[in-house]
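So this one's query.cif, mmCIF, C-alpha atoms:
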data_protein
#
loop_
_atom_site.label_atom_id
_atom_site.label_comp_id
_atom_site.auth_asym_id
_atom_site.auth_seq_id
_atom_site.Cartn_x
_atom_site.Cartn_y
_atom_site.Cartn_z
CA MET A 211 90.29 -52.33 38.36
CA ILE A 212 89.86 -56.11 38.44
CA ILE A 213 86.86 -57.27 40.50
CA GLU A 214 86.63 -60.98 41.35
CA GLY A 215 88.85 -61.74 38.36
CA LEU A 216 86.66 -59.70 36.01
CA SER A 217 87.78 -56.69 33.98
CA PRO A 218 85.53 -53.83 32.83
CA GLY A 219 84.20 -54.43 29.34
CA PRO A 220 82.75 -57.42 27.47
CA LEU A 221 80.95 -60.19 29.31
CA PRO A 222 82.98 -63.40 29.67
CA PRO A 223 81.74 -66.48 27.76
CA PRO A 224 79.44 -68.73 29.81
CA LYS A 225 81.92 -71.62 29.82
CA ALA A 226 84.56 -69.39 31.43
CA ILE A 227 82.39 -68.80 34.51
CA GLU A 228 80.45 -72.06 34.84
CA HIS A 229 81.57 -72.32 38.47
CA LYS A 230 79.50 -69.23 39.34
CA PHE A 231 76.16 -70.68 38.24
CA ARG A 232 74.11 -72.04 41.15
CA THR A 233 71.27 -73.60 39.12
CA PRO A 234 70.42 -74.51 35.51
CA ASP A 235 68.15 -71.44 35.36
CA HIS A 236 71.08 -69.30 36.44
CA SER A 237 73.20 -70.72 33.63
CA ASN A 238 70.40 -70.30 31.08
CA ALA A 239 69.71 -66.74 32.17
CA TYR A 240 73.36 -65.74 31.78
CA THR A 241 73.64 -67.49 28.40
CA SER A 242 70.63 -65.52 27.14
CA VAL A 243 72.15 -62.25 28.29
CA TYR A 244 75.57 -63.14 26.84
CA ASN A 245 74.03 -63.96 23.45
CA LEU A 246 72.15 -60.64 23.52
CA HIS A 247 75.40 -58.87 24.33
CA GLN A 248 77.07 -60.41 21.29
CA ARG A 249 74.17 -59.42 19.03
CA VAL A 250 74.12 -55.74 20.04
CA LEU A 251 77.85 -55.01 19.90
CA GLY A 252 78.25 -51.55 18.39
CA ASP A 253 75.15 -50.13 20.08
CA GLU A 254 76.53 -48.57 23.27
CA ALA A 255 73.22 -48.17 25.09
CA SER A 256 72.17 -51.76 24.40
CA VAL A 257 75.61 -53.14 25.25
CA ILE A 258 75.65 -51.41 28.63
CA ARG A 259 72.18 -52.67 29.51
CA ALA A 260 73.19 -56.23 28.60
CA ARG A 261 76.38 -55.92 30.65
CA ILE A 262 74.40 -54.67 33.67
CA LEU A 263 72.31 -57.85 33.55
CA GLY A 264 75.31 -60.05 32.94
CA PHE A 265 77.48 -58.69 35.74
CA LEU A 266 74.53 -58.73 38.13
CA LEU A 267 74.13 -62.44 37.37
CA ILE A 268 77.84 -63.05 37.92
CA LEU A 269 78.54 -60.93 40.99
CA THR A 270 75.46 -61.24 43.15
CA THR A 271 76.19 -63.39 46.20
CA ASN A 272 72.90 -62.65 47.97
CA ASP A 273 70.50 -65.48 47.12
CA THR A 274 67.43 -63.22 47.14
CA VAL A 275 68.98 -60.73 44.75
CA GLY A 276 70.40 -63.49 42.57
CA ASP A 277 67.11 -65.38 42.37
CA GLU A 278 65.25 -62.17 41.50
CA VAL A 279 67.61 -61.30 38.64
CA VAL A 280 67.58 -64.88 37.33
CA SER A 281 63.78 -65.15 37.41
CA THR A 282 63.21 -61.81 35.69
CA VAL A 283 65.76 -62.61 32.97
CA VAL A 284 64.23 -66.04 32.36
CA CYS A 285 60.81 -64.40 31.96
CA CYS A 286 62.10 -62.18 29.13
CA SER A 287 60.90 -63.65 25.84
CA ASN A 288 62.93 -61.50 23.43
CA ASP A 289 65.78 -59.03 23.09
CA ALA A 290 63.52 -56.02 23.62
CA ALA A 291 62.35 -57.36 26.97
CA LEU A 292 65.94 -58.00 28.10
CA HIS A 293 66.93 -54.50 26.98
CA ASP A 294 64.06 -53.03 29.00
CA LEU A 295 65.03 -55.07 32.06
CA GLY A 296 68.62 -53.83 31.86
CA GLU A 297 67.26 -50.31 31.61
CA VAL A 298 65.17 -50.81 34.74
CA TYR A 299 68.23 -51.83 36.75
CA MET A 300 70.26 -48.90 35.41
CA ASP A 301 67.54 -46.30 36.03
CA PHE A 302 66.15 -47.56 39.33
CA PHE A 303 69.14 -49.30 40.93
CA ILE A 304 72.39 -47.74 39.70
CA ARG A 305 71.32 -44.12 39.07
CA PRO A 306 69.80 -43.58 42.54
CA PHE A 307 73.05 -44.62 44.26
CA LYS A 308 75.26 -42.47 42.06
CA LYS A 309 76.27 -38.84 42.38
CA TYR A 310 77.69 -37.12 39.33
CA LYS A 311 81.22 -35.83 38.95
CA SER A 312 79.99 -32.25 38.68
CA SER A 313 78.05 -32.39 41.94
CA PRO A 314 79.47 -30.19 44.67
CA THR A 315 81.37 -31.64 47.59
CA PRO A 316 79.11 -31.75 50.67
CA THR A 317 79.39 -28.67 52.85
CA ILE A 318 81.39 -29.18 56.03
CA GLN A 319 79.83 -27.66 59.11
CA SER A 320 81.46 -27.30 62.49
CA HIS A 321 80.17 -26.34 65.90
CA PRO A 322 81.82 -23.44 67.83
CA SER A 323 82.27 -25.43 71.00
CA ARG A 324 82.25 -29.00 72.20
CA PRO A 325 79.35 -29.99 74.51
CA SER A 326 80.25 -31.24 77.96
CA SER A 327 80.04 -34.95 78.64
CA ASP A 328 76.87 -34.49 80.72
CA LEU A 329 75.13 -32.52 77.98
CA ARG A 330 76.27 -35.09 75.41
CA LYS A 331 74.75 -37.89 77.52
CA GLN A 332 71.47 -35.99 77.82
CA GLU A 333 71.39 -35.47 74.06
CA THR A 334 72.01 -39.15 73.45
CA ASN A 335 69.28 -40.28 75.85
CA SER A 336 66.75 -37.99 74.20
CA MET A 337 67.61 -39.03 70.65
CA VAL A 338 68.35 -42.76 70.68
CA HIS A 339 64.74 -43.72 71.34
CA GLN A 340 63.60 -42.47 67.95
CA ALA A 341 65.10 -42.21 64.48
CA PRO A 342 66.23 -38.68 63.56
CA ASP A 343 63.63 -37.13 61.27
CA ASN A 344 65.88 -34.90 59.19
CA HIS A 345 69.42 -34.56 57.88
CA GLU A 346 70.58 -32.13 60.60
CA LYS A 347 69.41 -34.37 63.43
CA ALA A 348 71.09 -37.33 61.76
CA LYS A 349 74.36 -35.40 61.68
CA ASP A 350 73.95 -34.38 65.33
CA LEU A 351 73.35 -37.98 66.40
CA MET A 352 76.24 -39.16 64.26
CA ASP A 353 78.44 -36.57 65.99
CA ILE A 354 77.50 -38.20 69.28
CA ALA A 355 78.13 -41.65 67.86
CA VAL A 356 81.64 -40.92 66.64
CA SER A 357 82.38 -38.63 69.59
CA ARG A 358 86.15 -38.77 70.02
CA LEU A 359 86.94 -41.78 67.85
CA CYS A 360 86.91 -42.03 64.08
CA ARG A 361 89.15 -44.99 63.34
CA ILE A 362 87.56 -46.21 60.08
CA PHE A 363 90.32 -44.47 58.16
CA GLU A 364 92.77 -44.13 61.07
CA VAL A 365 92.20 -40.40 61.44
CA ASN A 366 90.57 -38.32 64.15
CA TYR A 367 87.41 -36.27 63.97
CA ALA A 368 88.78 -32.76 63.44
CA VAL A 369 85.79 -30.83 64.80
CA ASN A 370 85.32 -29.96 68.50
CA GLU A 371 88.42 -31.73 69.78
CA ALA A 372 89.13 -31.27 73.49
CA PRO A 373 92.67 -30.88 74.88
CA GLU A 374 92.73 -34.50 76.07
CA ASP A 375 92.43 -35.60 72.44
CA TYR A 376 95.50 -33.73 71.18
CA ALA A 377 97.82 -36.68 71.77
CA ASP A 378 95.62 -38.86 69.56
CA ILE A 379 95.60 -36.16 66.88
CA GLN A 380 99.39 -35.99 66.89
CA GLN A 381 99.58 -39.75 66.50
CA PHE A 382 96.84 -40.33 63.91
CA GLY A 383 96.32 -36.94 62.27
CA ALA A 384 93.03 -35.05 61.85
CA THR A 385 90.64 -34.30 59.03
CA ALA A 386 87.07 -33.20 58.35
CA ILE A 387 84.35 -35.84 58.06
CA ASN A 388 80.85 -35.90 56.58
CA CYS A 389 77.59 -37.68 57.31
CA ALA A 390 77.16 -40.07 54.34
CA TYR A 391 73.91 -41.82 53.38
CA ILE A 392 73.93 -45.36 51.96
CA ILE A 393 70.44 -45.08 50.45
CA PRO A 394 70.15 -41.43 49.34
CA ALA A 395 67.61 -39.43 51.33
CA SER A 396 66.31 -37.91 48.09
CA THR A 397 64.62 -41.26 47.42
CA TYR A 398 62.01 -40.37 50.02
CA PHE A 399 61.87 -36.64 50.62
CA LYS A 400 60.51 -33.56 48.83
CA LEU A 401 58.50 -35.64 46.38
CA SER A 402 56.41 -32.66 45.31
CA ASN A 403 54.79 -34.08 42.17
CA GLU A 404 53.59 -37.38 40.75
CA THR A 405 56.66 -37.85 38.51
CA LYS A 406 58.95 -37.75 41.52
CA LYS A 407 56.67 -40.01 43.53
CA ASP A 408 56.51 -42.52 40.67
CA TYR A 409 60.29 -42.51 40.39
CA ALA A 410 60.75 -43.03 44.13
CA THR A 411 58.21 -45.85 44.05
CA SER A 412 60.11 -47.57 41.23
CA VAL A 413 63.40 -47.33 43.14
CA LEU A 414 61.84 -48.76 46.29
CA THR A 415 60.17 -51.53 44.29
CA VAL A 416 63.56 -52.71 42.99
CA LEU A 417 65.02 -52.66 46.51
CA ALA A 418 62.00 -54.57 47.82
CA ARG A 419 62.30 -57.17 45.03
CA PHE A 420 65.95 -57.53 46.06
CA GLY A 421 64.70 -58.60 49.49
CA TYR A 422 65.22 -55.40 51.47
CA ASN A 423 62.48 -54.31 53.87
CA VAL A 424 61.96 -50.79 52.54
CA ASP A 425 59.53 -50.04 55.37
CA THR A 426 62.56 -49.65 57.63
CA LEU A 427 63.52 -46.63 55.52
CA ASP A 428 60.04 -45.17 55.23
CA GLY A 429 59.75 -41.41 55.59
CA PRO A 430 62.00 -39.93 58.30
CA LYS A 431 63.49 -43.39 58.98
CA ILE A 432 65.79 -42.72 56.00
CA HIS A 433 67.88 -40.69 58.45
CA SER A 434 68.33 -43.62 60.87
CA LEU A 435 71.89 -44.39 61.83
CA PHE A 436 71.81 -47.79 60.10
CA ASN A 437 71.62 -45.84 56.82
CA VAL A 438 74.33 -43.27 57.59
CA MET A 439 77.99 -43.26 58.55
CA THR A 440 80.86 -40.82 58.83
CA LEU A 441 83.40 -40.64 56.02
CA VAL A 442 86.37 -38.44 55.32
CA THR A 443 85.23 -35.81 52.80
CA VAL A 444 87.19 -37.10 49.80
CA LEU A 445 86.12 -40.69 50.48
CA HIS A 446 82.51 -39.59 50.95
CA ASP A 447 82.70 -38.24 47.41
CA TYR A 448 84.15 -41.55 46.14
CA PHE A 449 81.41 -43.47 47.98
CA ASP A 450 78.65 -41.37 46.44
CA GLN A 451 80.16 -41.77 42.97
CA LEU A 452 80.25 -45.58 43.41
CA LYS A 453 84.05 -45.49 43.32
CA LEU A 454 84.43 -46.76 46.88
CA TRP A 455 82.54 -49.51 48.64
CA PHE A 456 82.66 -51.77 51.69
CA GLU A 457 82.94 -55.47 50.95
CA VAL A 458 81.41 -57.77 53.55
CA THR A 459 83.69 -60.27 55.32
CA THR A 460 82.82 -63.28 57.48
CA ALA A 461 83.26 -61.29 60.70
CA PRO A 462 80.29 -59.19 61.92
CA HIS A 463 80.48 -55.53 60.81
CA ARG A 464 83.98 -56.04 59.41
CA TYR A 465 84.56 -54.90 55.82
CA GLU A 466 87.30 -54.68 53.25
CA ILE A 467 87.51 -51.17 51.81
CA LYS A 468 87.66 -51.19 48.01
CA CYS A 469 88.32 -48.10 45.88
CA LEU A 470 88.74 -47.51 42.14
CA ASN A 471 91.55 -45.07 42.94
CA PRO A 472 94.27 -47.21 44.55
CA PHE A 473 96.53 -44.16 44.80
CA GLU A 474 94.26 -42.22 47.18
CA PRO A 475 96.70 -41.10 49.95
CA ILE A 476 94.31 -41.81 52.83
CA LEU A 477 93.90 -45.42 51.72
CA ARG A 478 97.57 -45.92 50.86
CA ASN A 479 98.58 -44.80 54.36
CA MET A 480 96.25 -47.23 56.12
CA SER A 481 97.93 -50.13 57.86
CA SER A 482 95.17 -52.49 56.66
CA PRO A 483 92.39 -52.36 54.03
CA PHE A 484 89.97 -53.78 56.60
CA THR A 485 87.81 -51.88 59.04
CA THR A 486 85.33 -52.88 61.73
CA PHE A 487 82.39 -50.66 62.59
CA THR A 488 81.91 -50.24 66.33
CA THR A 489 79.89 -48.02 68.64
CA LEU A 490 80.55 -46.74 72.14
CA ASP A 491 76.82 -46.92 72.86
CA PRO A 492 75.02 -50.19 72.00
CA ARG A 493 71.77 -48.23 71.56
CA LEU A 494 73.23 -46.57 68.48
CA PRO A 495 72.84 -48.92 65.47
CA LEU A 496 75.74 -49.64 63.14
CA PRO A 497 75.47 -49.28 59.34
CA ASP A 498 73.25 -52.04 57.94
CA PRO A 499 75.34 -54.80 56.26
CA ALA A 500 72.47 -55.49 53.82
CA LEU A 501 72.44 -51.88 52.62
CA LEU A 502 76.23 -51.80 52.31
CA ALA A 503 76.09 -55.06 50.32
CA LEU A 504 73.56 -53.53 47.90
CA HIS A 505 75.77 -50.47 47.51
CA ALA A 506 78.81 -52.68 46.87
CA THR A 507 76.95 -54.71 44.24
CA CYS A 508 75.78 -51.51 42.58
CA ALA A 509 79.32 -50.08 42.56
CA ASN A 510 80.82 -53.27 41.10
CA VAL A 511 78.20 -53.58 38.34
CA ALA A 512 78.41 -49.85 37.50
CA HIS A 513 82.20 -50.14 37.10
CA LEU A 514 82.40 -53.40 35.16
CA SER A 515 79.47 -52.67 32.84
CA GLY A 516 80.52 -49.10 32.06
CA ALA A 517 77.18 -47.81 33.36
CA GLY A 518 78.89 -45.43 35.78
CA GLU A 519 80.91 -43.73 33.06
CA HIS A 520 77.86 -43.75 30.76
CA ILE A 521 75.74 -41.92 33.36
CA ASP A 522 78.52 -39.36 33.90
CA ARG A 523 78.77 -38.80 30.15
CA VAL A 524 75.00 -38.44 29.73
CA HIS A 525 74.94 -35.96 32.62
CA LYS A 526 77.67 -33.95 30.89
CA ASP A 527 75.78 -34.05 27.57
CA LEU A 528 72.66 -32.82 29.33
CA ARG A 529 74.42 -29.63 30.33
CA HIS A 530 75.53 -28.93 26.74
CA LEU A 531 72.55 -30.17 24.72
CA ASP A 532 70.01 -27.62 23.49
CA VAL A 533 67.97 -29.74 21.04
CA LEU A 534 67.16 -33.47 21.17
CA ALA A 535 68.11 -35.62 18.17
CA GLU A 536 65.23 -36.49 15.84
CA ASP A 537 66.38 -40.11 15.51
CA GLY A 538 65.94 -40.75 19.23
CA GLY A 539 69.69 -40.72 19.88
CA SER A 540 69.16 -38.38 22.82
CA SER A 541 66.71 -40.64 24.66
CA ASP A 542 69.21 -41.38 27.44
CA VAL A 543 69.79 -37.65 27.91
CA LEU A 544 66.04 -37.02 28.04
CA PHE A 545 65.46 -39.68 30.69
CA HIS A 546 68.44 -38.41 32.66
CA ALA A 547 66.96 -34.92 32.62
CA LEU A 548 63.68 -36.29 33.99
CA TYR A 549 65.51 -38.31 36.62
CA HIS A 550 67.68 -35.37 37.62
CA SER A 551 64.58 -33.27 38.25
CA SER A 552 63.09 -36.09 40.34
CA ALA A 553 66.06 -36.88 42.55
CA VAL A 554 65.94 -33.78 44.73
CA ASP A 555 69.04 -32.86 46.69
CA VAL A 556 68.27 -32.86 50.39
CA GLY A 557 71.74 -32.34 51.68
CA THR A 558 73.30 -35.71 51.09
#

Could you render the structure as structure tokens?
Amino acid sequence: MIIEGLSPGPLPPPKAIEHKFRTPDHSNAYTSVYNLHQRVLGDEASVIRARILGFLLILTTNDTVGDEVVSTVVCCSNDAALHDLGEVYMDFFIRPFKKYKSSPTPTIQSHPSRPSSDLRKQETNSMVHQAPDNHEKAKDLMDIAVSRLCRIFEVNYAVNEAPEDYADIQQFGATAINCAYIIPASTYFKLSNETKKDYATSVLTVLARFGYNVDTLDGPKIHSLFNVMTLVTVLHDYFDQLKLWFEVTTAPHRYEIKCLNPFEPILRNMSSPFTTFTTLDPRLPLPDPALLALHATCANVAHLSGAGEHIDRVHKDLRHLDVLAEDGGSSDVLFHALYHSSAVDVGT
């Protein structure tokens, strides 16, 4: 898939993208990364790390993120430092957002009956004044938020439909939906040992350096509605695998839906690739544009650099590898094993 005129694979020469450089430091930083990329061709791990840096420098439109990447690259005095920086962004920016192909599809749960409108109003009043403190409460509040309408993908919420909704179902169709996290909840919860806490701290440090106020996601706040949204099951899986993202437009809370699988039937049947997030209750926050922008950047860089496929391949090797290579060739697999044990599944 072409993203902003860029194809997955080698970094473009600096002269071909001069229009994307905002400052001399930006140009110098990219030139350094490009030269590194040319020197390490043939070494897959080093190439991918260089491409992560390069595509981050090209694609980032957020000034805070862009300035952070530029300044850290400029501070690197040699190839080893650049390699390590690329590894930091892969391990603590791309990996945390990405679910692996072998991960199970989230379980779909339904309720036996639909609450009355009065009970639904009481539930809303009791919940909107505080962030839900666990995954189940987040799903319950999201159920209230979407209520009868789920127009992101022009389909209806298939669970707990009342008779008055049947006409809408006949017109738009119905499907199951899931509660999807933008920042995975495993970043914060069930951190039972120091390794896991250190990993979570590293992830949050990268997000903070990218300008995001991580305190808004602290502890149970990870389940706040600005970090979750409802997605059709198959698209939830694409989103978690960084194969689907929401690209910000100039209109508030309006996004263009991008997917690496252009033949997905749900997307092909949509009348428009654009969607606008809305809420029937202004007390219920919409998904945070800043978080969705970080996810989109991560998805774009993972695709163009090959980091997404590399992580999938390493995860597959982990399941089949009994002994690590003596020459250090299994180092990626070893780190992945440590990461996998740190990123605890909490139902996302």

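Residues matched by the PyMOL selection byres ((chain A and resi 217) around 12) in this file: Met211, Ile212, Ile213, Glu214, Gly215, Leu216, Pro218, Gly219, Pro220, Leu221, Pro222, Arg261, Phe265, Asn510, Val511, His513, Leu514, Ser515 and Gly516 of chain A.
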
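When only C-alpha atoms are used to compute distances to Arg305 in chain A, the closest of the residues A:Ala461, A:Ile262, A:Ala226, A:Ile521 turns out to be A:Ile521.
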
- request: Would you list the contacts of Asp289 in chain A as an MDAnalysis selection string, taking every protein, DNA or RNA residue within 10 Å and counting only C-alpha atoms, but skipping same-chain residues closer than 2 positions in sequence?
  value: chainID A and resid 242:243 245:247 249:250 256 260 286:287 291:295

- request: Name every residue that the PyMOL selection byres ((chain A and resi 237) around 12) selects in this structure, writing the answer as a PyMOL selection string with chains first and numbers rising.
  value: chain A and resi 223-236+238-244+264+267-268+276-277+280-281+283-284

Those residues you just picked out, can you put them in a file as a short mmCIF file (atom, residue, chain, number, x, y, z; two decimals), keeping the file's coordinate frame with C-alpha atoms?
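As written to disk, selection10.cif reads:
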data_model
loop_
_atom_site.label_atom_id
_atom_site.label_comp_id
_atom_site.auth_asym_id
_atom_site.auth_seq_id
_atom_site.Cartn_x
_atom_site.Cartn_y
_atom_site.Cartn_z
CA PRO A 223 81.74 -66.48 27.76
CA PRO A 224 79.44 -68.73 29.81
CA LYS A 225 81.92 -71.62 29.82
CA ALA A 226 84.56 -69.39 31.43
CA ILE A 227 82.39 -68.80 34.51
CA GLU A 228 80.45 -72.06 34.84
CA HIS A 229 81.57 -72.32 38.47
CA LYS A 230 79.50 -69.23 39.34
CA PHE A 231 76.16 -70.68 38.24
CA ARG A 232 74.11 -72.04 41.15
CA THR A 233 71.27 -73.60 39.12
CA PRO A 234 70.42 -74.51 35.51
CA ASP A 235 68.15 -71.44 35.36
CA HIS A 236 71.08 -69.30 36.44
CA ASN A 238 70.40 -70.30 31.08
CA ALA A 239 69.71 -66.74 32.17
CA TYR A 240 73.36 -65.74 31.78
CA THR A 241 73.64 -67.49 28.40
CA SER A 242 70.63 -65.52 27.14
CA VAL A 243 72.15 -62.25 28.29
CA TYR A 244 75.57 -63.14 26.84
CA GLY A 264 75.31 -60.05 32.94
CA LEU A 267 74.13 -62.44 37.37
CA ILE A 268 77.84 -63.05 37.92
CA GLY A 276 70.40 -63.49 42.57
CA ASP A 277 67.11 -65.38 42.37
CA VAL A 280 67.58 -64.88 37.33
CA SER A 281 63.78 -65.15 37.41
CA VAL A 283 65.76 -62.61 32.97
CA VAL A 284 64.23 -66.04 32.36
#

- prompt: Mind telling me what the PyMOL selection byres ((chain A and resi 498) around 12) catches here, as a PyMOL selection string?
  reply: chain A and resi 391-393+422-423+426-427+434-439+456+458+462-465+487+494-497+499-505

task: Work out how far CA of Ser482 in chain A is from CA of Asn272 in chain A, in Å to one decimal.
output: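 Distance reported for this atom pair: 26.0 Å.
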
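Distance check against Thr440 in chain A using only C-alpha atoms: of A:Thr282, A:Thr271, A:Thr411, A:Thr385, the minimum falls on A:Thr385.
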
message: Please list as a PyMOL selection string every residue within 10 Å of Val444 in chain A, counting only C-alpha atoms and excluding residues in the same chain fewer than 3 positions away.
response: chain A and resi 315-316+386-388+441+447-449+474+476

Atom pair CA of Phe420 in chain A / CA of Val279 in chain A: separation (Å): 8.5 Å

query: Hey, can you check how far CA of Ala418 in chain A sits from CA of His433 in chain A?
result: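 Computed distance, CA of Ala418 in chain A to CA of His433 in chain A, equals 18.4 Å.
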
Write a file for range 456-464 of chain A, containing all heavy atoms (output as a PDB file, in the first residue's frame).
ATOM      1  N   PHE A 456      -7.005   5.491  11.676  1.00  0.00           N
ATOM      2  CA  PHE A 456      -7.874   6.628  11.406  1.00  0.00           C
ATOM      3  C   PHE A 456      -7.008   7.857  11.173  1.00  0.00           C
ATOM      4  O   PHE A 456      -6.290   8.300  12.065  1.00  0.00           O
ATOM      5  CB  PHE A 456      -8.833   6.866  12.583  1.00  0.00           C
ATOM      6  CG  PHE A 456      -9.808   5.756  12.807  1.00  0.00           C
ATOM      7  CD1 PHE A 456      -9.467   4.650  13.575  1.00  0.00           C
ATOM      8  CD2 PHE A 456     -11.073   5.806  12.242  1.00  0.00           C
ATOM      9  CE1 PHE A 456     -10.354   3.619  13.782  1.00  0.00           C
ATOM     10  CE2 PHE A 456     -11.982   4.769  12.437  1.00  0.00           C
ATOM     11  CZ  PHE A 456     -11.609   3.677  13.208  1.00  0.00           C
ATOM     12  N   GLU A 457      -7.087   8.390   9.975  1.00  0.00           N
ATOM     13  CA  GLU A 457      -6.255   9.534   9.604  1.00  0.00           C
ATOM     14  C   GLU A 457      -7.017  10.832   9.852  1.00  0.00           C
ATOM     15  O   GLU A 457      -8.132  11.023   9.366  1.00  0.00           O
ATOM     16  CB  GLU A 457      -5.861   9.436   8.130  1.00  0.00           C
ATOM     17  CG  GLU A 457      -4.680  10.290   7.765  1.00  0.00           C
ATOM     18  CD  GLU A 457      -4.046   9.821   6.461  1.00  0.00           C
ATOM     19  OE1 GLU A 457      -3.331   8.804   6.464  1.00  0.00           O
ATOM     20  OE2 GLU A 457      -4.297  10.487   5.439  1.00  0.00           O
ATOM     21  N   VAL A 458      -6.402  11.714  10.624  1.00  0.00           N
ATOM     22  CA  VAL A 458      -7.042  12.966  11.012  1.00  0.00           C
ATOM     23  C   VAL A 458      -7.326  13.837   9.789  1.00  0.00           C
ATOM     24  O   VAL A 458      -6.521  13.904   8.852  1.00  0.00           O
ATOM     25  CB  VAL A 458      -6.149  13.729  12.005  1.00  0.00           C
ATOM     26  CG1 VAL A 458      -6.755  15.086  12.369  1.00  0.00           C
ATOM     27  CG2 VAL A 458      -5.936  12.901  13.270  1.00  0.00           C
ATOM     28  N   THR A 459      -8.467  14.513   9.788  1.00  0.00           N
ATOM     29  CA  THR A 459      -8.804  15.497   8.756  1.00  0.00           C
ATOM     30  C   THR A 459      -8.876  16.878   9.411  1.00  0.00           C
ATOM     31  O   THR A 459      -8.630  17.032  10.609  1.00  0.00           O
ATOM     32  CB  THR A 459     -10.154  15.166   8.094  1.00  0.00           C
ATOM     33  OG1 THR A 459     -11.205  15.344   9.056  1.00  0.00           O
ATOM     34  CG2 THR A 459     -10.165  13.728   7.579  1.00  0.00           C
ATOM     35  N   THR A 460      -9.235  17.874   8.644  1.00  0.00           N
ATOM     36  CA  THR A 460      -9.305  19.235   9.187  1.00  0.00           C
ATOM     37  C   THR A 460     -10.554  19.457  10.027  1.00  0.00           C
ATOM     38  O   THR A 460     -10.608  20.391  10.828  1.00  0.00           O
ATOM     39  CB  THR A 460      -9.278  20.265   8.043  1.00  0.00           C
ATOM     40  OG1 THR A 460     -10.336  19.972   7.123  1.00  0.00           O
ATOM     41  CG2 THR A 460      -7.943  20.218   7.316  1.00  0.00           C
ATOM     42  N   ALA A 461     -11.568  18.612   9.854  1.00  0.00           N
ATOM     43  CA  ALA A 461     -12.811  18.762  10.619  1.00  0.00           C
ATOM     44  C   ALA A 461     -12.689  18.045  11.966  1.00  0.00           C
ATOM     45  O   ALA A 461     -12.101  16.964  12.044  1.00  0.00           O
ATOM     46  CB  ALA A 461     -13.990  18.196   9.821  1.00  0.00           C
ATOM     47  N   PRO A 462     -13.223  18.610  13.038  1.00  0.00           N
ATOM     48  CA  PRO A 462     -13.121  17.989  14.365  1.00  0.00           C
ATOM     49  C   PRO A 462     -13.725  16.577  14.396  1.00  0.00           C
ATOM     50  O   PRO A 462     -14.848  16.371  13.933  1.00  0.00           O
ATOM     51  CB  PRO A 462     -13.914  18.943  15.263  1.00  0.00           C
ATOM     52  CG  PRO A 462     -13.912  20.251  14.548  1.00  0.00           C
ATOM     53  CD  PRO A 462     -13.926  19.907  13.090  1.00  0.00           C
ATOM     54  N   HIS A 463     -12.954  15.634  14.900  1.00  0.00           N
ATOM     55  CA  HIS A 463     -13.390  14.246  15.108  1.00  0.00           C
ATOM     56  C   HIS A 463     -13.836  13.555  13.809  1.00  0.00           C
ATOM     57  O   HIS A 463     -14.594  12.587  13.840  1.00  0.00           O
ATOM     58  CB  HIS A 463     -14.515  14.187  16.152  1.00  0.00           C
ATOM     59  CG  HIS A 463     -14.098  14.695  17.495  1.00  0.00           C
ATOM     60  ND1 HIS A 463     -13.198  14.040  18.300  1.00  0.00           N
ATOM     61  CD2 HIS A 463     -14.450  15.833  18.164  1.00  0.00           C
ATOM     62  CE1 HIS A 463     -13.025  14.733  19.415  1.00  0.00           C
ATOM     63  NE2 HIS A 463     -13.755  15.816  19.346  1.00  0.00           N
ATOM     64  N   ARG A 464     -13.371  14.071  12.685  1.00  0.00           N
ATOM     65  CA  ARG A 464     -13.651  13.431  11.400  1.00  0.00           C
ATOM     66  C   ARG A 464     -12.351  12.804  10.887  1.00  0.00           C
ATOM     67  O   ARG A 464     -11.293  13.444  10.893  1.00  0.00           O
ATOM     68  CB  ARG A 464     -14.176  14.446  10.391  1.00  0.00           C
ATOM     69  CG  ARG A 464     -14.522  13.841   9.015  1.00  0.00           C
ATOM     70  CD  ARG A 464     -15.240  14.852   8.147  1.00  0.00           C
ATOM     71  NE  ARG A 464     -15.464  14.403   6.786  1.00  0.00           N
ATOM     72  CZ  ARG A 464     -16.432  13.565   6.408  1.00  0.00           C
ATOM     73  NH1 ARG A 464     -17.254  13.093   7.321  1.00  0.00           N
ATOM     74  NH2 ARG A 464     -16.579  13.206   5.155  1.00  0.00           N
TER      75      ARG A 464
END
